[in-house]
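Student: The following file, my_file29.txt, comprises compact mmCIF, C-alpha atoms:
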# COMPACT_ATOMS: atom_id res chain seq x y z
CA MET A 1 44.94 21.51 108.88
CA ILE A 2 46.96 23.26 106.19
CA ALA A 3 48.21 21.21 103.27
CA ARG A 4 51.97 21.20 103.47
CA SER A 5 54.07 22.85 100.80
CA PRO A 6 55.32 20.49 98.10
CA ALA A 7 58.80 19.10 98.35
CA LYS A 8 61.47 21.25 96.73
CA TRP A 9 62.87 20.03 93.45
CA GLN A 10 66.35 21.28 92.81
CA GLY A 11 68.51 22.29 89.88
CA ARG A 12 68.43 20.52 86.57
CA ASP A 13 66.02 17.85 87.87
CA ALA A 14 63.22 20.38 88.36
CA GLU A 15 60.57 20.51 85.64
CA PRO A 16 58.74 23.74 84.72
CA TRP A 17 55.56 22.64 86.50
CA GLN A 18 57.53 21.85 89.65
CA LEU A 19 59.13 25.30 89.62
CA ALA A 20 55.69 26.86 89.10
CA LEU A 21 54.45 24.90 92.10
CA GLN A 22 57.24 26.40 94.21
CA THR A 23 56.81 30.02 93.13
CA VAL A 24 53.14 30.58 93.91
CA VAL A 25 51.80 33.84 95.34
CA SER A 26 51.29 33.34 99.07
CA GLU A 27 50.86 36.87 100.43
CA GLY A 28 47.69 38.91 100.03
CA GLY A 29 49.46 42.23 99.62
CA GLU A 30 51.54 40.88 96.75
CA LEU A 31 48.46 39.47 95.04
CA LEU A 32 46.61 42.79 95.25
CA ASP A 33 49.69 44.63 94.00
CA LEU A 34 49.94 42.32 90.97
CA LEU A 35 46.32 43.18 90.18
CA ASP A 36 46.72 46.95 90.68
CA LEU A 37 44.40 46.89 93.69
CA ALA A 38 44.96 49.04 96.75
CA PRO A 39 45.60 47.18 100.04
CA GLN A 40 42.38 48.61 101.47
CA ALA A 41 40.33 47.43 98.48
CA LEU A 42 39.41 44.14 100.17
CA PRO A 43 39.31 43.04 103.84
CA ILE A 44 42.11 40.47 103.66
CA ASP A 45 42.58 38.07 106.55
CA ARG A 46 46.35 37.92 106.97
CA GLY A 47 46.25 35.49 109.89
CA GLN A 48 44.55 32.55 108.19
CA THR A 49 45.64 29.04 109.12
CA PHE A 50 44.36 27.99 105.66
CA SER A 51 46.84 30.17 103.84
CA LEU A 52 46.71 31.98 100.53
CA ARG A 53 48.26 29.93 97.74
CA VAL A 54 47.76 30.67 94.03
CA PRO A 55 49.96 29.92 90.98
CA ARG A 56 51.11 32.91 88.97
CA ALA A 57 49.64 31.49 85.76
CA PHE A 58 46.22 31.63 87.42
CA VAL A 59 46.84 35.17 88.65
CA ALA A 60 47.66 36.19 85.07
CA ARG A 61 44.07 35.33 84.07
CA MET A 62 42.57 37.68 86.66
CA GLN A 63 41.29 41.11 85.65
CA ARG A 64 43.49 43.97 86.82
CA GLY A 65 41.76 46.58 88.93
CA ALA A 66 38.71 44.36 89.55
CA PRO A 67 38.17 43.51 93.24
CA ASP A 68 35.20 41.32 92.27
CA ASP A 69 37.10 39.27 89.68
CA PRO A 70 35.68 35.70 89.79
CA LEU A 71 39.12 34.09 89.93
CA LEU A 72 40.37 36.39 92.67
CA THR A 73 37.21 35.74 94.68
CA GLN A 74 37.99 32.02 94.75
CA VAL A 75 41.42 32.37 96.34
CA LEU A 76 41.70 35.55 98.43
CA PRO A 77 41.32 34.94 102.20
CA LEU A 78 38.86 37.46 103.68
CA LEU A 79 37.93 38.33 107.24
CA VAL A 80 34.38 37.05 106.58
CA GLU A 81 35.80 33.51 106.74
CA ARG A 82 36.17 33.91 110.51
CA GLU A 83 32.42 34.27 111.01
CA ALA A 84 30.65 31.27 112.51
CA HIS A 85 27.46 30.05 110.79
CA ALA A 86 25.02 27.40 111.94
CA GLY A 87 25.32 24.21 109.93
CA PHE A 88 28.88 24.94 108.72
CA SER A 89 31.56 22.67 110.20
CA PRO A 90 35.20 21.63 109.67
CA ASP A 91 34.12 18.23 108.29
CA PRO A 92 30.83 18.74 106.42
CA LEU A 93 30.96 15.33 104.69
CA ALA A 94 32.04 13.31 107.74
CA GLU A 95 34.85 11.68 105.76
CA VAL A 96 36.53 8.71 107.43
CA THR A 97 39.51 6.80 106.12
CA ALA A 98 38.85 3.05 106.00
CA VAL A 99 42.60 2.48 106.19
CA PRO A 100 45.32 5.16 106.01
CA GLY A 101 45.01 7.03 102.72
CA LEU A 102 41.77 5.37 101.56
CA ILE A 103 38.19 6.66 101.73
CA HIS A 104 35.34 4.30 100.81
CA LYS A 105 32.10 6.30 100.58
CA TYR A 106 30.26 4.75 97.62
CA ARG A 107 29.79 1.22 96.37
CA GLY A 108 32.08 0.15 93.54
CA ARG A 109 34.78 2.78 94.00
CA VAL A 110 37.32 4.01 96.49
CA LEU A 111 39.31 7.19 96.79
CA LEU A 112 43.03 7.32 97.53
CA ILE A 113 44.47 10.41 99.23
CA VAL A 114 47.65 10.56 97.17
CA THR A 115 48.97 13.74 98.79
CA GLY A 116 47.94 16.65 100.97
CA HIS A 117 49.62 19.13 98.64
CA CYS A 118 47.64 21.52 96.43
CA ALA A 119 48.85 24.02 93.86
CA ILE A 120 46.04 26.37 94.83
CA HIS A 121 44.04 26.94 98.01
CA CYS A 122 40.41 27.43 97.04
CA ARG A 123 38.60 29.21 99.86
CA TYR A 124 35.50 26.97 99.55
CA CYS A 125 37.47 23.69 99.72
CA PHE A 126 35.55 21.08 101.72
CA ARG A 127 38.87 19.55 102.80
CA ARG A 128 40.42 22.80 104.04
CA HIS A 129 40.41 21.32 107.56
CA PHE A 130 41.15 17.70 106.56
CA PRO A 131 43.80 15.95 108.75
CA TYR A 132 46.14 15.04 105.90
CA ALA A 133 49.06 14.20 108.18
CA ALA A 134 47.00 11.51 109.90
CA SER A 135 45.55 10.14 106.66
CA GLN A 136 48.57 9.83 104.38
CA PRO A 137 50.44 6.54 104.46
CA SER A 138 54.06 6.16 103.55
CA ARG A 139 54.86 4.01 100.55
CA THR A 140 55.38 0.98 102.79
CA ASP A 141 51.97 1.61 104.40
CA TRP A 142 50.14 1.72 101.08
CA SER A 143 49.96 -2.07 101.19
CA GLN A 144 47.00 -1.76 103.56
CA ALA A 145 45.07 0.26 100.97
CA PHE A 146 45.84 -2.14 98.15
CA ASP A 147 44.94 -5.14 100.32
CA TYR A 148 41.62 -3.45 101.14
CA ILE A 149 40.88 -3.05 97.42
CA ARG A 150 41.90 -6.64 96.66
CA ARG A 151 39.53 -8.01 99.28
CA ASP A 152 36.48 -6.31 97.77
CA PRO A 153 35.66 -7.59 94.25
CA THR A 154 32.89 -4.98 93.89
CA LEU A 155 35.52 -2.25 93.60
CA GLY A 156 35.84 -1.53 89.89
CA GLU A 157 37.22 2.00 90.10
CA VAL A 158 40.00 3.74 91.99
CA ILE A 159 39.98 7.52 92.28
CA LEU A 160 43.20 9.45 92.90
CA SER A 161 42.51 12.54 94.96
CA GLY A 162 44.11 14.71 97.61
CA GLY A 163 45.11 17.50 98.02
CA ASP A 164 45.85 17.30 94.33
CA PRO A 165 47.24 13.97 93.08
CA LEU A 166 49.03 15.60 90.15
CA SER A 167 51.18 17.59 92.56
CA ALA A 168 52.91 14.26 93.26
CA PRO A 169 55.92 13.39 91.08
CA ASP A 170 55.47 11.06 88.13
CA ARG A 171 57.49 8.26 89.73
CA HIS A 172 55.04 8.07 92.63
CA LEU A 173 51.99 8.21 90.35
CA GLN A 174 53.45 5.47 88.16
CA TRP A 175 54.10 3.32 91.23
CA LEU A 176 50.51 3.74 92.41
CA ILE A 177 49.11 2.93 88.97
CA ASP A 178 51.36 -0.14 88.72
CA GLN A 179 49.98 -1.43 92.03
CA ILE A 180 46.37 -0.76 91.03
CA GLU A 181 46.87 -2.55 87.70
CA THR A 182 47.72 -5.78 89.53
CA ILE A 183 44.20 -5.93 90.98
CA ASP A 184 42.18 -7.71 88.31
CA HIS A 185 38.71 -6.48 89.28
CA VAL A 186 39.73 -2.80 89.06
CA ARG A 187 38.84 -1.60 85.56
CA ARG A 188 38.81 2.18 85.83
CA LEU A 189 41.18 4.86 87.07
CA ARG A 190 39.88 8.35 87.77
CA ILE A 191 42.05 11.35 88.65
CA HIS A 192 40.60 14.51 90.19
CA SER A 193 42.95 17.43 89.65
CA ARG A 194 42.98 21.20 89.37
CA LEU A 195 46.59 21.32 88.19
CA PRO A 196 45.87 21.14 84.44
CA VAL A 197 43.84 24.34 84.94
CA VAL A 198 46.06 26.29 87.32
CA ILE A 199 49.48 25.00 86.12
CA PRO A 200 48.96 23.62 82.59
CA GLN A 201 52.65 22.70 82.32
CA ARG A 202 51.84 19.75 84.58
CA VAL A 203 50.50 17.89 81.55
CA THR A 204 53.87 16.64 80.35
CA PRO A 205 54.64 14.05 77.66
CA ALA A 206 55.62 11.66 80.45
CA LEU A 207 52.24 12.07 82.16
CA ILE A 208 50.37 11.57 78.89
CA THR A 209 52.36 8.38 78.20
CA MET A 210 51.69 7.10 81.71
CA LEU A 211 47.93 7.59 81.43
CA SER A 212 47.64 6.25 77.90
CA ARG A 213 49.62 3.03 78.45
CA THR A 214 47.74 1.69 81.45
CA ARG A 215 45.22 -1.11 80.91
CA LEU A 216 42.78 0.89 83.07
CA HIS A 217 40.17 3.07 81.42
CA THR A 218 41.35 6.48 82.56
CA SER A 219 39.33 9.60 83.24
CA LEU A 220 40.65 13.00 84.28
CA VAL A 221 38.19 15.21 86.12
CA ILE A 222 39.42 18.78 86.10
CA HIS A 223 37.97 21.53 88.27
CA ALA A 224 37.05 24.88 86.72
CA ASN A 225 34.32 27.19 87.98
CA HIS A 226 34.44 29.97 85.40
CA ALA A 227 35.22 30.20 81.69
CA GLN A 228 37.89 32.81 82.42
CA GLU A 229 40.01 30.02 83.95
CA LEU A 230 40.18 28.13 80.65
CA ASP A 231 42.61 30.09 78.51
CA ASP A 232 44.53 28.79 75.49
CA SER A 233 47.28 27.30 77.66
CA VAL A 234 44.73 25.04 79.38
CA ALA A 235 43.23 24.03 76.04
CA ALA A 236 46.69 23.17 74.68
CA ALA A 237 47.50 21.08 77.76
CA LEU A 238 44.29 19.05 77.62
CA ASP A 239 44.21 18.37 73.88
CA PRO A 240 46.97 15.69 73.84
CA LEU A 241 45.31 13.92 76.77
CA ARG A 242 42.03 13.75 74.87
CA ARG A 243 43.84 12.51 71.76
CA ALA A 244 45.54 9.83 73.88
CA GLY A 245 42.15 8.44 74.87
CA VAL A 246 41.77 9.95 78.34
CA THR A 247 38.15 10.86 79.10
CA LEU A 248 37.98 14.52 80.16
CA LEU A 249 35.27 15.75 82.52
CA ASN A 250 34.82 18.88 84.62
CA GLN A 251 33.31 19.43 88.01
CA SER A 252 32.44 22.85 89.39
CA VAL A 253 31.13 24.32 92.60
CA LEU A 254 28.28 26.82 92.54
CA LEU A 255 29.73 29.92 94.23
CA ALA A 256 28.11 33.23 95.05
CA GLY A 257 30.05 36.04 93.41
CA VAL A 258 31.83 33.67 91.03
CA ASN A 259 29.43 31.74 88.80
CA ASP A 260 25.93 32.13 90.27
CA ASP A 261 24.37 33.49 87.12
CA ALA A 262 23.13 31.85 83.94
CA ASP A 263 25.56 33.66 81.65
CA ALA A 264 28.61 32.50 83.63
CA LEU A 265 27.45 28.89 83.82
CA SER A 266 26.44 28.78 80.17
CA ASP A 267 29.76 30.30 79.08
CA LEU A 268 31.61 27.74 81.20
CA SER A 269 29.81 24.79 79.60
CA GLU A 270 30.35 26.17 76.10
CA ARG A 271 34.05 26.78 76.72
CA LEU A 272 34.53 23.34 78.25
CA PHE A 273 33.00 21.65 75.22
CA GLN A 274 35.11 23.83 72.92
CA ILE A 275 38.29 22.45 74.50
CA GLY A 276 37.08 18.83 74.57
CA VAL A 277 35.79 18.54 78.14
CA LEU A 278 32.27 17.52 79.15
CA PRO A 279 30.52 19.27 82.06
CA TYR A 280 30.02 16.60 84.72
CA TYR A 281 28.92 17.91 88.12
CA LEU A 282 27.91 21.28 89.49
CA HIS A 283 28.20 20.85 93.24
CA LEU A 284 26.16 22.82 95.68
CA LEU A 285 28.51 24.24 98.26
CA ASP A 286 29.70 21.80 100.91
CA ARG A 287 28.96 23.50 104.21
CA VAL A 288 32.54 23.79 105.39
CA ALA A 289 33.46 26.28 108.10
CA GLY A 290 34.84 29.47 106.54
CA ALA A 291 32.93 29.26 103.26
CA ALA A 292 29.39 30.37 104.16
CA HIS A 293 29.71 33.56 102.10
CA PHE A 294 29.85 31.41 98.95
CA ALA A 295 26.46 29.78 99.57
CA VAL A 296 23.71 30.26 96.97
CA ASP A 297 20.03 30.31 97.90
CA GLU A 298 18.22 27.14 96.78
CA ALA A 299 15.50 29.07 94.96
CA ARG A 300 18.25 30.65 92.88
CA VAL A 301 19.77 27.24 92.21
CA ARG A 302 16.47 26.06 90.74
CA ALA A 303 16.19 29.16 88.60
CA LEU A 304 19.73 28.67 87.30
CA HIS A 305 19.03 25.04 86.42
CA ASP A 306 15.90 26.02 84.49
CA ALA A 307 17.84 28.75 82.68
CA LEU A 308 20.56 26.31 81.59
CA LEU A 309 17.99 23.80 80.35
CA ALA A 310 16.46 26.56 78.22
CA ARG A 311 19.83 27.67 76.80
CA LEU A 312 21.93 24.53 76.35
CA PRO A 313 21.64 21.05 74.89
CA GLY A 314 21.25 18.45 77.61
CA TYR A 315 24.81 17.14 77.33
CA LEU A 316 26.15 20.59 78.27
CA VAL A 317 24.02 20.93 81.40
CA PRO A 318 26.04 19.64 84.36
CA ARG A 319 24.31 17.52 86.97
CA PHE A 320 23.37 19.68 89.94
CA VAL A 321 24.32 17.62 92.99
CA ARG A 322 24.95 17.89 96.69
CA GLU A 323 26.94 15.56 98.90
CA VAL A 324 25.23 14.25 102.01
CA PRO A 325 27.22 12.51 104.76
CA HIS A 326 26.72 8.72 104.77
CA ALA A 327 24.48 8.76 101.66
CA VAL A 328 24.95 5.96 99.11
CA SER A 329 25.71 8.44 96.31
CA LYS A 330 25.81 12.11 95.49
CA ARG A 331 22.24 13.37 95.64
CA PRO A 332 20.72 15.06 92.58
CA PHE A 333 19.55 18.44 93.82
CA LEU A 334 16.65 18.62 91.41
CA ALA A 335 15.21 15.15 91.89
CA ALA A 336 11.49 14.86 91.23
CA ALA A 337 10.66 14.84 94.95
CA GLU A 338 12.35 18.22 95.33
CA ARG A 339 10.55 19.99 92.46
Take the structure I supplied and represent it as structure tokens, if you would.

Tutor:
Amino acid sequence: MIARSPAKWQGRDAEPWQLALQTVVSEGGELLDLLDLAPQALPIDRGQTFSLRVPRAFVARMQRGAPDDPLLTQVLPLLVEREAHAGFSPDPLAEVTAVPGLIHKYRGRVLLIVTGHCAIHCRYCFRRHFPYAASQPSRTDWSQAFDYIRRDPTLGEVILSGGDPLSAPDRHLQWLIDQIETIDHVRRLRIHSRLPVVIPQRVTPALITMLSRTRLHTSLVIHANHAQELDDSVAAALDPLRRAGVTLLNQSVLLAGVNDDADALSDLSERLFQIGVLPYYLHLLDRVAGAAHFAVDEARVRALHDALLARLPGYLVPRFVREVPHAVSKRPFLAAAER
């Protein structure tokens, strides 16, 4: 199912990030034109149900005249996505909501689907077919999720996810955080968001205040796959969050044609550390239907891991992991038994 477009904010009440969220590029021909690429340069799929959606600030970081640009590759819908591949399915992680809006996969933490909206449609997204309409509660229905958390004293962390949780307005985020804070055994709040990368204006003073004043230890996990994504505007957006005490981490996906070489991964880790973010996870591709062309051979994955160990200090080498349906945790790809 396609994530719905964000609600329209009107007139003087609209903030710059909300306007940026409304004025994304959503047509392949326009995107190629902005990049000085001929319409025949790439086999665009113009009939995708998982539509093209990319903020203009992200487009501005793409290389003009480069059909193999690593940022363009992540967002442009191609005809190859229609090809069927064995082992690739609409729901590769077999995600099930325990109650509307809440996924409980791992012990000690739960994930709340705050919204189905995203600022950007990444072609490899494992939730590109997720039934958001059936999984998103209204505000009055959220009580089921909070009651679920209250009943389980082992739950020490709540993760805000989506879609992208930071595409929700501050008033809704504040309401969610207020409810979570009333549950004594919850100690940590984690937010997974691509917005600080693709629309840096989303990191507003109000958001920084909200995240710094909560009693919960707060982490923000951004999502960047290539150093080219992390320009000065992203660095400037993240710096006040770090100074406010928010732990900043990054998770990436290993993608053929984007970052499947040692130079790209090393540059990404170095750039992340330069702007105050620690590399956290490097996910092997979730085998979602439509994304098989991004898969990287496992022998190459091992070679890349060895190359990063030889180049970088250990704290800059992200953990290579894969998600396995019904497993008790993410599985380290390079565990001893696999070497």

Student: Do you know which residues are at most 10 Å from Ile275 (chain A) counting only C-alpha atoms, after dropping those on the same chain fewer than 5 positions away, and could you put them as number ranges by chain?

Tutor: A: 230-232, 234-239, 242, 248, 270

Student: Measuring atom to atom with all atoms listed in the file, identify which of A:Ala227, A:Val54, A:Leu308, A:Leu255 is nearest to Leu268 (chain A).

Tutor: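 Of the candidates, the smallest distance to Leu268 (chain A) is held by A:Ala227.
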
Student: Which residue, A:Val317, A:Leu254, A:Val96, A:Leu241, has the smallest gap to Pro70 (chain A) when you use all atoms listed in the file?

Tutor: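 For Pro70 (chain A), the nearest of the candidates is A:Leu254.
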
Student: Using only C-alpha atoms, pick whichever of A:Val203, A:Val99, A:Leu37, A:Met62 has the shortest atom-to-atom distance to Gln144 (chain A).

Tutor: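 Smallest separation from Gln144 (chain A) among the options: A:Val99.
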
Student: Work out how far CA of Lys105 (chain A) is from CA of Gly245 (chain A), in Å to one decimal.

Tutor: 27.7 Å

Student: To one decimal place in Å, what is the distance between CA of Ile199 (chain A) and CA of Glu15 (chain A)?

Tutor: 12.0 Å

Student: Could you build a table of the residues in region 153-233 of chain A lying no more than 12 Å from region 110-115 of chain A, giving for each the nearest pair of atoms and their separation in Å rounded to one decimal place, using all atoms listed in the file, ordered by chain and ascending residue number, as CSV?

Tutor:
residue,atom,partner,partner_atom,distance
A:Pro153,CA,A:Val110,CA,11.9
A:Thr154,CA,A:Val110,CA,10.4
A:Leu155,CA,A:Val110,CA,7.1
A:Gly156,CA,A:Val110,CA,8.7
A:Glu157,CA,A:Val110,CA,6.7
A:Val158,CA,A:Val110,CA,5.2
A:Ile159,CA,A:Leu111,CA,4.6
A:Leu160,CA,A:Leu112,CA,5.1
A:Ser161,CA,A:Ile113,CA,5.2
A:Gly162,CA,A:Ile113,CA,4.6
A:Gly163,CA,A:Thr115,CA,5.4
A:Asp164,CA,A:Thr115,CA,6.5
A:Pro165,CA,A:Val114,CA,5.3
A:Leu166,CA,A:Val114,CA,8.8
A:Ser167,CA,A:Thr115,CA,7.6
A:Ala168,CA,A:Thr115,CA,6.8
A:Pro169,CA,A:Thr115,CA,10.4
A:Asp170,CA,A:Val114,CA,12.0
A:His172,CA,A:Val114,CA,9.0
A:Leu173,CA,A:Val114,CA,8.4
A:Gln174,CA,A:Val114,CA,11.9
A:Trp175,CA,A:Val114,CA,11.4
A:Leu176,CA,A:Val114,CA,8.8
A:Ile177,CA,A:Val114,CA,11.3
A:Ile180,CA,A:Leu112,CA,10.9
A:Val186,CA,A:Val110,CA,10.4
A:Arg188,CA,A:Val110,CA,10.9
A:Leu189,CA,A:Leu111,CA,10.2
A:Arg190,CA,A:Leu111,CA,9.1
A:Ile191,CA,A:Leu111,CA,9.5
A:His192,CA,A:Leu111,CA,9.9
A:Ser193,CA,A:Val114,CA,11.2

Student: May I have the residues within 10 Å of Thr204 (chain A) as a VMD selection string, using all atoms listed in the file and disregarding those fewer than 2 positions away in the same chain?

Tutor: chain A and resid 15 to 17 170 200 to 202 206 to 210 237 240 to 241

Student: Taking C-alpha atoms for each residue, export the selection above as a compact mmCIF listing (two decimals), keeping the file's coordinate frame.

Tutor:
# COMPACT_ATOMS: atom_id res chain seq x y z
CA GLU A 15 60.57 20.51 85.64
CA PRO A 16 58.74 23.74 84.72
CA TRP A 17 55.56 22.64 86.50
CA ASP A 170 55.47 11.06 88.13
CA PRO A 200 48.96 23.62 82.59
CA GLN A 201 52.65 22.70 82.32
CA ARG A 202 51.84 19.75 84.58
CA ALA A 206 55.62 11.66 80.45
CA LEU A 207 52.24 12.07 82.16
CA ILE A 208 50.37 11.57 78.89
CA THR A 209 52.36 8.38 78.20
CA MET A 210 51.69 7.10 81.71
CA ALA A 237 47.50 21.08 77.76
CA PRO A 240 46.97 15.69 73.84
CA LEU A 241 45.31 13.92 76.77

Student: Residues at most 12 Å from Pro92 (chain A), counting only C-alpha atoms, excluding those fewer than 3 positions away in the same chain, as a list of chain:residue names?

Tutor: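 Within the cut-off, the hits are A:Ala86, A:Gly87, A:Phe88, A:Ser89, A:Glu95, A:Val96, A:Tyr124, A:Cys125, A:Phe126, A:Arg127, A:Arg128, A:His129, A:Phe130, A:Leu285, A:Asp286, A:Arg287, A:Val288, A:Ala289, A:Gly290, A:Ala291, A:Ala292, A:Arg322, A:Glu323, A:Val324, A:Pro325, A:His326.
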
Student: Please, what distance in Å, to one decimal, runs between CA of Gln40 (chain A) and CA of Leu72 (chain A)?

Tutor: 15.2 Å

Student: Box for region 227-232 of chain A - axis-aligned, 4 Å on each of the six sides, all listed atoms - centre and size in Å to one decimal, as lines of an AutoDock Vina configuration file.

Tutor:
center_x = 39.9
center_y = 30.5
center_z = 79.7
size_x = 17.3
size_y = 12.7
size_z = 16.5

Student: What's around Glu27 (chain A) at 9 Å? Count all atoms listed in the file, leave out sequence neighbours fewer than 2 positions away in its own chain, and write the answer as a list in words.

Tutor: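 Final neighbour list, sorted by chain and number: Val25, Gly29, Glu30, Leu31, Leu32, Arg46, Ser51, Leu52 and Arg53 of chain A.
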
Student: Hey, what's within 9 Å of Val24 (chain A) if we count all atoms listed in the file and toss same-chain stuff fewer than 3 positions away? As a list in words, please?

Tutor: Ala20, Leu21, Arg53, Val54, Pro55, Arg56, Ala57, Ala119 and Ile120 of chain A
